Amino acid sequence: MFVIAQLSDLHANGTHRNRGRIEAALDYVNSRADGIDALLVTGDLTDHASPEEMAEARKLIHSPLPTLVTIGNHDARPSFNAVFRPDVEPTSPVNVALTVGDVTLLAVDSSLPGERSGFLDDETILWLDHELAAAPGKVVVSFHHPPVTLGMPMMDSIMMQQPDRLAAVLDDHPNVVALVCGHAHTPAVTTFHGRPLCLAPGVASTLNLPFEGTEVVNKNQPAGVAFHLVDDDGRVITHFRAIP
Ligand SMILES: [Fe+2]
Ligand SMILES: [Fe+2]
């Protein structure tokens with residue numbers, strides 16, 4: 001069993017509130033690291049992508065686990081790369097891979113510079129196709145923006161654009177056992193192009209469904225983490241935990 005802990009939508013912004021929620025989420029994962037194989041962080045590390053917020057996110061995302069981090073619409077490639085990957089070209093998409101045994105975890109940059117919605121650009125699609133072809137076994141593919149609507153009108157208006165580009169890559173690679181993402185600040189499960197698609201809860205906040213309230217952002221729900229368990233047959237079981 002390969003276990004991935006996924007955190008999403010940290011939104012580090014210098015406030016005591018958000019910092020406390022991010023620290024609690026990392027503590028929850030790190031204190032159970034013996035049973036976990038990898039930590040995945042799927043974007044919106046910051047609120048405004050400032051160098052100060054990015055430095056705060058870098059400081060808070062500390063773990064003894066192998067860690068993969070990609071960005072969301074609230075982040076920006078130059079400020080992320082300056083802090084997390086200073087050797088990389090500032091505008092490079094944040095596409096990163098980790099293989100442990102026969103499980104590969106890919107974190108794909110779905111950010112679209114200057115936009116709230118997402119998009120997998122040509123460089124990222126090529127990278128994804130190459131990594132999937134090279135993977136020795138099962139692959140979990142992650143990104144920030146959901147490639148489907150979720151019954152959440154505001155979020156659905158800023159989802160991944162042209163999700164058929166992702167679907168076309170999946171057609172060529174049956175080794176993708178699950179897709180995971182964030183952005184919608186809601187623990188949710190659905191499918192995309194015949195594969196399981198799982199959304200991690202938001203660390204910073206939860207977004208209401210239309211019948212839960214007139215406010216889009218619900219700050220009263222606790223932070224959360226998703227644990228994705230990949231079994232030997234490639235079946236993925238996701239458990240969600242609220243973090244008090
Ligand atoms: Fe977010
Ligand atoms: Fe987002």
# chains A, B, ... in the order shown; residues from 1 in each chain; ligands from 1
>>> closest_atom_pairs(of="chain A", to="ligand 1", cutoff="6 Å", atoms="only C-alpha atoms and all ligand atoms", output="JSON lines")
{"residue": "A:Asp9", "atom": "CA", "partner": "ligand 1", "partner_atom_place_in_ligand_line": "1 (Fe)", "distance": 4.2}
{"residue": "A:Asp44", "atom": "CA", "partner": "ligand 1", "partner_atom_place_in_ligand_line": "1 (Fe)", "distance": 5.0}
{"residue": "A:His183", "atom": "CA", "partner": "ligand 1", "partner_atom_place_in_ligand_line": "1 (Fe)", "distance": 4.6}
>>> select_by_dssp(residues="range 11-238 of chain A", states="strand (DSSP E)", output="number ranges by chain")
A: 38-42, 67-70, 96-100, 103-107, 138-142, 176-181, 188-192, 195-199, 206-207, 217-218, 223-230, 236-238
>>> residues_near_ligand(ligand="ligand 2", cutoff="10 Å", atoms="only C-alpha atoms and all ligand atoms", output="NGL selection string")
:A and (8-11 or 42-47 or 71-75 or 110-111 or 116-118 or 144-146 or 155 or 158-159 or 181-185 or 202)
>>> write_last_selection(atoms="N, CA and C atoms", output="mmCIF file, in the first residue's frame")
data_model
loop_
_atom_site.group_PDB
_atom_site.id
_atom_site.type_symbol
_atom_site.label_atom_id
_atom_site.label_comp_id
_atom_site.auth_asym_id
_atom_site.auth_seq_id
_atom_site.Cartn_x
_atom_site.Cartn_y
_atom_site.Cartn_z
ATOM 1 N N SER A 8 -4.068 20.988 0.286
ATOM 2 C CA SER A 8 -4.313 21.920 -0.797
ATOM 3 C C SER A 8 -4.840 23.239 -0.256
ATOM 4 N N ASP A 9 -4.588 24.287 -1.010
ATOM 5 C CA ASP A 9 -5.184 25.597 -0.704
ATOM 6 C C ASP A 9 -4.831 26.070 0.702
ATOM 7 N N LEU A 10 -3.514 26.240 0.880
ATOM 8 C CA LEU A 10 -2.992 26.693 2.173
ATOM 9 C C LEU A 10 -3.226 28.198 2.362
ATOM 10 N N HIS A 11 -3.053 28.956 1.275
ATOM 11 C CA HIS A 11 -3.286 30.400 1.290
ATOM 12 C C HIS A 11 -2.533 31.111 2.415
ATOM 13 N N THR A 42 -1.124 20.694 -3.483
ATOM 14 C CA THR A 42 -1.656 21.010 -4.820
ATOM 15 C C THR A 42 -2.097 22.462 -4.978
ATOM 16 N N GLY A 43 -1.219 23.377 -4.611
ATOM 17 C CA GLY A 43 -1.405 24.752 -5.023
ATOM 18 C C GLY A 43 -2.268 25.642 -4.159
ATOM 19 N N ASP A 44 -2.293 26.915 -4.569
ATOM 20 C CA ASP A 44 -2.757 27.989 -3.707
ATOM 21 C C ASP A 44 -1.997 27.912 -2.375
ATOM 22 N N LEU A 45 -0.689 27.984 -2.530
ATOM 23 C CA LEU A 45 0.192 27.997 -1.362
ATOM 24 C C LEU A 45 0.047 29.334 -0.650
ATOM 25 N N THR A 46 -0.265 30.383 -1.441
ATOM 26 C CA THR A 46 -0.326 31.749 -0.931
ATOM 27 C C THR A 46 -1.653 32.387 -1.344
ATOM 28 N N ASP A 47 -1.887 33.596 -0.837
ATOM 29 C CA ASP A 47 -3.060 34.362 -1.270
ATOM 30 C C ASP A 47 -2.752 35.222 -2.492
ATOM 31 N N ILE A 71 1.649 24.611 -8.022
ATOM 32 C CA ILE A 71 1.041 25.904 -7.711
ATOM 33 C C ILE A 71 -0.404 26.002 -8.207
ATOM 34 N N GLY A 72 -1.106 27.008 -7.700
ATOM 35 C CA GLY A 72 -2.480 27.268 -8.106
ATOM 36 C C GLY A 72 -2.639 28.682 -8.624
ATOM 37 N N ASN A 73 -3.881 29.093 -8.813
ATOM 38 C CA ASN A 73 -4.145 30.404 -9.415
ATOM 39 C C ASN A 73 -3.767 31.561 -8.500
ATOM 40 N N HIS A 74 -3.688 31.333 -7.191
ATOM 41 C CA HIS A 74 -3.282 32.407 -6.279
ATOM 42 C C HIS A 74 -1.763 32.559 -6.209
ATOM 43 N N ASP A 75 -1.044 31.610 -6.820
ATOM 44 C CA ASP A 75 0.419 31.664 -6.823
ATOM 45 C C ASP A 75 0.907 32.221 -8.163
ATOM 46 N N SER A 110 -1.275 23.549 -13.427
ATOM 47 C CA SER A 110 -2.470 23.930 -14.209
ATOM 48 C C SER A 110 -2.744 25.420 -14.146
ATOM 49 N N SER A 111 -1.777 26.192 -13.587
ATOM 50 C CA SER A 111 -2.024 27.637 -13.493
ATOM 51 C C SER A 111 -1.920 28.285 -14.872
ATOM 52 N N ARG A 116 -7.687 33.269 -13.162
ATOM 53 C CA ARG A 116 -8.125 32.438 -12.045
ATOM 54 C C ARG A 116 -8.428 31.012 -12.503
ATOM 55 N N SER A 117 -8.840 30.874 -13.746
ATOM 56 C CA SER A 117 -9.108 29.535 -14.271
ATOM 57 C C SER A 117 -7.788 28.862 -14.629
ATOM 58 N N GLY A 118 -7.864 27.570 -14.989
ATOM 59 C CA GLY A 118 -6.649 26.810 -15.229
ATOM 60 C C GLY A 118 -6.529 26.336 -16.658
ATOM 61 N N HIS A 144 -3.927 21.556 -9.806
ATOM 62 C CA HIS A 144 -4.729 22.423 -8.933
ATOM 63 C C HIS A 144 -6.200 22.492 -9.360
ATOM 64 N N HIS A 145 -6.439 22.761 -10.646
ATOM 65 C CA HIS A 145 -7.807 23.060 -11.102
ATOM 66 C C HIS A 145 -8.592 21.811 -11.480
ATOM 67 N N PRO A 146 -9.792 21.621 -10.953
ATOM 68 C CA PRO A 146 -10.629 20.498 -11.389
ATOM 69 C C PRO A 146 -10.944 20.615 -12.884
ATOM 70 N N MET A 155 -16.998 28.304 -8.534
ATOM 71 C CA MET A 155 -15.827 27.467 -8.834
ATOM 72 C C MET A 155 -15.903 26.929 -10.259
ATOM 73 N N ILE A 158 -14.363 28.965 -12.943
ATOM 74 C CA ILE A 158 -12.901 29.122 -12.989
ATOM 75 C C ILE A 158 -12.207 27.761 -12.919
ATOM 76 N N MET A 159 -12.825 26.744 -13.508
ATOM 77 C CA MET A 159 -12.243 25.393 -13.554
ATOM 78 C C MET A 159 -11.135 25.326 -14.619
ATOM 79 N N CYS A 181 -6.872 16.743 -7.177
ATOM 80 C CA CYS A 181 -6.696 18.179 -7.359
ATOM 81 C C CYS A 181 -7.197 18.940 -6.136
ATOM 82 N N GLY A 182 -7.254 20.258 -6.272
ATOM 83 C CA GLY A 182 -7.686 21.124 -5.175
ATOM 84 C C GLY A 182 -8.560 22.225 -5.735
ATOM 85 N N HIS A 183 -8.281 23.465 -5.345
ATOM 86 C CA HIS A 183 -8.905 24.677 -5.900
ATOM 87 C C HIS A 183 -10.317 24.927 -5.367
ATOM 88 N N ALA A 184 -11.130 23.882 -5.228
ATOM 89 C CA ALA A 184 -12.537 24.078 -4.866
ATOM 90 C C ALA A 184 -12.761 24.097 -3.355
ATOM 91 N N HIS A 185 -11.705 23.875 -2.572
ATOM 92 C CA HIS A 185 -11.819 23.947 -1.103
ATOM 93 C C HIS A 185 -12.982 23.084 -0.609
ATOM 94 N N GLY A 202 -9.856 22.160 1.549
ATOM 95 C CA GLY A 202 -8.979 23.312 1.679
ATOM 96 C C GLY A 202 -8.427 23.392 3.090
#
>>> residues_around(residues="Ala55 in chain A", least_positions_apart="6", cutoff="10 Å", atoms="only C-alpha atoms", output="number ranges by chain")
A: 12, 46, 49, 79-80, 82-84
